[in-house]
>>> print(open('final.tsv').read())   # TSV, C-alpha atoms and all ligand atoms
chain	number	residue	atom	x	y	z
K	5	MET	CA	168.79	131.73	119.90
K	6	ALA	CA	168.97	135.23	118.50
K	7	CYS	CA	172.07	135.95	116.44
K	8	CYS	CA	172.96	139.21	118.20
K	9	GLU	CA	172.02	140.96	121.38
K	10	SER	CA	168.74	142.83	120.78
K	11	PRO	CA	168.85	142.39	117.00
K	12	LYS	CA	167.15	144.83	114.66
K	13	TYR	CA	165.53	143.41	111.57
K	14	LYS	CA	165.04	144.69	108.08
K	15	LEU	CA	162.42	143.37	105.72
K	16	VAL	CA	163.87	141.31	102.89
K	17	GLU	CA	160.66	140.12	101.29
K	18	GLU	CA	156.99	139.71	102.12
K	19	LEU	CA	156.32	136.05	101.51
K	20	GLY	CA	152.55	136.26	101.69
K	21	HIS	CA	149.76	134.67	103.59
K	22	ALA	CA	149.12	131.02	104.46
K	23	GLU	CA	147.48	129.14	107.32
K	24	SER	CA	146.05	132.39	108.77
K	25	VAL	CA	149.56	133.75	109.15
K	26	ASP	CA	151.40	136.59	107.41
K	27	TRP	CA	154.93	135.55	106.58
K	28	ASP	CA	157.86	137.92	106.16
K	29	LEU	CA	161.48	137.15	105.48
K	30	LYS	CA	163.69	139.41	107.59
K	31	GLN	CA	167.39	139.89	108.08
K	32	CYS	CA	169.44	141.07	111.04
K	33	LEU	CA	170.93	144.50	110.35
K	34	SER	CA	174.12	143.69	112.25
K	35	CYS	CA	175.16	140.27	111.02
K	36	GLY	CA	172.84	139.40	108.12
K	37	ALA	CA	171.25	136.33	109.72
K	38	TYR	CA	167.88	135.45	108.21
K	39	TYR	CA	164.65	135.15	110.15
K	40	LEU	CA	161.17	134.08	109.28
K	41	GLN	CA	158.57	136.31	110.90
K	42	GLU	CA	155.12	134.84	111.54
K	43	SER	CA	152.32	137.27	112.35
K	44	SER	CA	149.10	135.51	113.16
K	45	GLU	CA	145.96	137.21	111.92
K	46	TYR	CA	144.31	136.31	115.23
K	47	GLU	CA	144.39	139.15	117.69
K	48	GLY	CA	146.77	138.65	120.60
K	49	ALA	CA	148.45	135.65	119.02
K	50	GLY	CA	151.70	137.56	118.72
K	51	VAL	CA	154.59	137.64	116.34
K	52	TYR	CA	157.26	134.99	116.16
K	53	PHE	CA	160.76	135.02	114.73
K	54	THR	CA	162.49	131.84	113.72
K	55	ARG	CA	166.10	131.90	112.64
K	56	LEU	CA	166.70	130.43	109.20
K	57	THR	CA	169.80	129.03	107.62
K	58	ASP	CA	170.99	130.77	104.45
K	59	GLU	CA	169.80	127.72	102.54
K	60	GLN	CA	166.28	127.91	104.00
K	61	ALA	CA	166.10	131.65	103.30
K	62	LYS	CA	167.21	131.03	99.71
K	63	ASN	CA	164.52	128.40	99.24
K	64	PHE	CA	161.84	130.84	100.36
K	65	ARG	CA	163.20	133.65	98.19
K	66	HIS	CA	163.42	131.49	95.08
K	67	SER	CA	159.98	130.01	95.51
K	68	GLN	CA	157.01	131.46	93.67
K	69	GLY	CA	153.24	131.31	93.67
K	70	ARG	CA	151.83	127.94	94.59
K	71	ASP	CA	155.25	126.50	95.49
K	72	ARG	CA	155.82	129.26	98.00
K	73	ILE	CA	152.42	128.68	99.64
K	74	ASN	CA	153.23	124.98	99.86
K	75	LEU	CA	156.60	125.75	101.44
K	76	LEU	CA	154.93	127.98	104.03
K	77	LYS	CA	152.28	125.37	104.79
K	78	GLN	CA	154.94	122.71	105.13
K	79	TRP	CA	156.93	124.96	107.46
K	80	TYR	CA	153.82	125.69	109.50
K	81	ASN	CA	153.11	121.98	109.94
K	82	GLU	CA	156.66	121.17	110.93
K	83	HIS	CA	157.19	123.95	113.48
K	101	ZN	ZN	172.57	139.36	114.08
>>> encode(input="final.tsv", output="structure tokens", more="lines below")
Ligand SMILES: [Zn+2]
Amino acid sequence: MACCESPKYKLVEELGHAESVDWDLKQCLSCGAYYLQESSEYEGAGVYFTRLTDEQAKNFRHSQGRDRINLLKQWYNEH
């Protein structure tokens, strides 16, 4: 479900840390699709990319502080 063949990502914004995961908002260099990158702090747990809609990406970008942490926790519980 990647947007392009072997997409390359650029960092849009570091969203922070919640639920033992580092969260980064990334964007495909070719087409501009947004992705949420999850990097677990546990060794060997890997890195995951989930494609976001523009709306979801906007919600993350516009969130701040406690609201952003809550968004990330909510996302974590739902995915
Ligand atoms: Zn793409």
>>> closest_atom_pairs(input="final.tsv", of="chain K", to="ligand ZN 101 (chain K)", cutoff="12 Å", atoms="only C-alpha atoms and all ligand atoms", output="JSON lines")
{"residue": "K:Met5", "atom": "CA", "partner": "K:ZN101", "partner_atom": "ZN", "distance": 10.3}
{"residue": "K:Ala6", "atom": "CA", "partner": "K:ZN101", "partner_atom": "ZN", "distance": 7.0}
{"residue": "K:Cys7", "atom": "CA", "partner": "K:ZN101", "partner_atom": "ZN", "distance": 4.2}
{"residue": "K:Cys8", "atom": "CA", "partner": "K:ZN101", "partner_atom": "ZN", "distance": 4.1}
{"residue": "K:Glu9", "atom": "CA", "partner": "K:ZN101", "partner_atom": "ZN", "distance": 7.5}
{"residue": "K:Ser10", "atom": "CA", "partner": "K:ZN101", "partner_atom": "ZN", "distance": 8.5}
{"residue": "K:Pro11", "atom": "CA", "partner": "K:ZN101", "partner_atom": "ZN", "distance": 5.6}
{"residue": "K:Lys12", "atom": "CA", "partner": "K:ZN101", "partner_atom": "ZN", "distance": 7.7}
{"residue": "K:Tyr13", "atom": "CA", "partner": "K:ZN101", "partner_atom": "ZN", "distance": 8.5}
{"residue": "K:Lys14", "atom": "CA", "partner": "K:ZN101", "partner_atom": "ZN", "distance": 11.0}
{"residue": "K:Lys30", "atom": "CA", "partner": "K:ZN101", "partner_atom": "ZN", "distance": 11.0}
{"residue": "K:Gln31", "atom": "CA", "partner": "K:ZN101", "partner_atom": "ZN", "distance": 7.9}
{"residue": "K:Cys32", "atom": "CA", "partner": "K:ZN101", "partner_atom": "ZN", "distance": 4.7}
{"residue": "K:Leu33", "atom": "CA", "partner": "K:ZN101", "partner_atom": "ZN", "distance": 6.6}
{"residue": "K:Ser34", "atom": "CA", "partner": "K:ZN101", "partner_atom": "ZN", "distance": 4.9}
{"residue": "K:Cys35", "atom": "CA", "partner": "K:ZN101", "partner_atom": "ZN", "distance": 4.1}
{"residue": "K:Gly36", "atom": "CA", "partner": "K:ZN101", "partner_atom": "ZN", "distance": 6.0}
{"residue": "K:Ala37", "atom": "CA", "partner": "K:ZN101", "partner_atom": "ZN", "distance": 5.5}
{"residue": "K:Tyr38", "atom": "CA", "partner": "K:ZN101", "partner_atom": "ZN", "distance": 8.5}
{"residue": "K:Tyr39", "atom": "CA", "partner": "K:ZN101", "partner_atom": "ZN", "distance": 9.8}
{"residue": "K:Arg55", "atom": "CA", "partner": "K:ZN101", "partner_atom": "ZN", "distance": 10.0}
{"residue": "K:Leu56", "atom": "CA", "partner": "K:ZN101", "partner_atom": "ZN", "distance": 11.7}
>>> atom_distance(input="final.tsv", atom1="CA of Ala49 in chain K", atom2="CA of Trp27 in chain K")
14.0 Å
>>> residues_around(input="final.tsv", residues="Trp79 in chain K", least_positions_apart="3", cutoff="12 Å", atoms="only C-alpha atoms", output="list of chain:residue names")
K:Ala22, K:Glu23, K:Val25, K:Trp27, K:Leu40, K:Gln41, K:Glu42, K:Thr54, K:Leu56, K:Gln60, K:Asn63, K:Phe64, K:Arg72, K:Ile73, K:Asn74, K:Leu75, K:Leu76, K:Glu82, K:His83
>>> atom_distance(input="final.tsv", atom1="CA of Asn81 in chain K", atom2="CA of Gly69 in chain K")
18.8 Å
>>> atom_distance(input="final.tsv", atom1="CA of Glu17 in chain K", atom2="CA of Lys77 in chain K")
17.3 Å
>>> build_atoms(input="final.tsv", residues="range 32-53 of chain K", atoms="N, CA and C atoms", output="mmCIF file, in the frame of the given file")
data_model
loop_
_atom_site.group_PDB
_atom_site.id
_atom_site.type_symbol
_atom_site.label_atom_id
_atom_site.label_comp_id
_atom_site.auth_asym_id
_atom_site.auth_seq_id
_atom_site.Cartn_x
_atom_site.Cartn_y
_atom_site.Cartn_z
ATOM 1 N N CYS K 32 168.820 140.281 109.983
ATOM 2 C CA CYS K 32 169.440 141.070 111.040
ATOM 3 C C CYS K 32 170.329 142.143 110.426
ATOM 4 N N LEU K 33 170.155 143.384 110.899
ATOM 5 C CA LEU K 33 170.930 144.500 110.350
ATOM 6 C C LEU K 33 172.416 144.388 110.682
ATOM 7 N N SER K 34 172.720 143.744 111.810
ATOM 8 C CA SER K 34 174.120 143.690 112.250
ATOM 9 C C SER K 34 174.916 142.604 111.537
ATOM 10 N N CYS K 35 174.343 141.391 111.495
ATOM 11 C CA CYS K 35 175.160 140.270 111.020
ATOM 12 C C CYS K 35 174.600 139.597 109.776
ATOM 13 N N GLY K 36 173.383 139.962 109.351
ATOM 14 C CA GLY K 36 172.840 139.400 108.120
ATOM 15 C C GLY K 36 172.157 138.062 108.273
ATOM 16 N N ALA K 37 171.967 137.594 109.515
ATOM 17 C CA ALA K 37 171.250 136.330 109.720
ATOM 18 C C ALA K 37 169.797 136.483 109.274
ATOM 19 N N TYR K 38 169.263 135.414 108.695
ATOM 20 C CA TYR K 38 167.880 135.450 108.210
ATOM 21 C C TYR K 38 166.909 134.955 109.264
ATOM 22 N N TYR K 39 165.734 135.561 109.251
ATOM 23 C CA TYR K 39 164.650 135.150 110.150
ATOM 24 C C TYR K 39 163.352 135.084 109.375
ATOM 25 N N LEU K 40 162.520 134.143 109.788
ATOM 26 C CA LEU K 40 161.170 134.080 109.280
ATOM 27 C C LEU K 40 160.253 134.676 110.345
ATOM 28 N N GLN K 41 159.507 135.695 109.970
ATOM 29 C CA GLN K 41 158.570 136.310 110.900
ATOM 30 C C GLN K 41 157.157 135.815 110.615
ATOM 31 N N GLU K 42 156.514 135.290 111.639
ATOM 32 C CA GLU K 42 155.120 134.840 111.540
ATOM 33 C C GLU K 42 154.242 135.796 112.331
ATOM 34 N N SER K 43 153.285 136.413 111.659
ATOM 35 C CA SER K 43 152.320 137.270 112.350
ATOM 36 C C SER K 43 150.947 136.656 112.169
ATOM 37 N N SER K 44 150.421 136.112 113.236
ATOM 38 C CA SER K 44 149.100 135.510 113.160
ATOM 39 C C SER K 44 148.046 136.577 112.915
ATOM 40 N N GLU K 45 147.041 136.240 112.137
ATOM 41 C CA GLU K 45 145.960 137.210 111.920
ATOM 42 C C GLU K 45 145.007 137.237 113.115
ATOM 43 N N TYR K 46 145.160 136.300 114.048
ATOM 44 C CA TYR K 46 144.310 136.310 115.230
ATOM 45 C C TYR K 46 144.861 137.274 116.248
ATOM 46 N N GLU K 47 143.979 138.109 116.757
ATOM 47 C CA GLU K 47 144.390 139.150 117.690
ATOM 48 C C GLU K 47 145.015 138.546 118.942
ATOM 49 N N GLY K 48 146.129 139.100 119.367
ATOM 50 C CA GLY K 48 146.770 138.650 120.600
ATOM 51 C C GLY K 48 147.622 137.414 120.440
ATOM 52 N N ALA K 49 147.684 136.880 119.231
ATOM 53 C CA ALA K 49 148.450 135.650 119.020
ATOM 54 C C ALA K 49 149.945 135.931 118.903
ATOM 55 N N GLY K 50 150.284 137.190 118.686
ATOM 56 C CA GLY K 50 151.700 137.560 118.720
ATOM 57 C C GLY K 50 152.442 137.356 117.424
ATOM 58 N N VAL K 51 153.699 137.705 117.489
ATOM 59 C CA VAL K 51 154.590 137.640 116.340
ATOM 60 C C VAL K 51 155.785 136.794 116.732
ATOM 61 N N TYR K 52 156.164 135.897 115.848
ATOM 62 C CA TYR K 52 157.260 134.990 116.160
ATOM 63 C C TYR K 52 158.372 135.113 115.130
ATOM 64 N N PHE K 53 159.597 135.044 115.609
ATOM 65 C CA PHE K 53 160.760 135.020 114.730
ATOM 66 C C PHE K 53 161.438 133.668 114.858
#
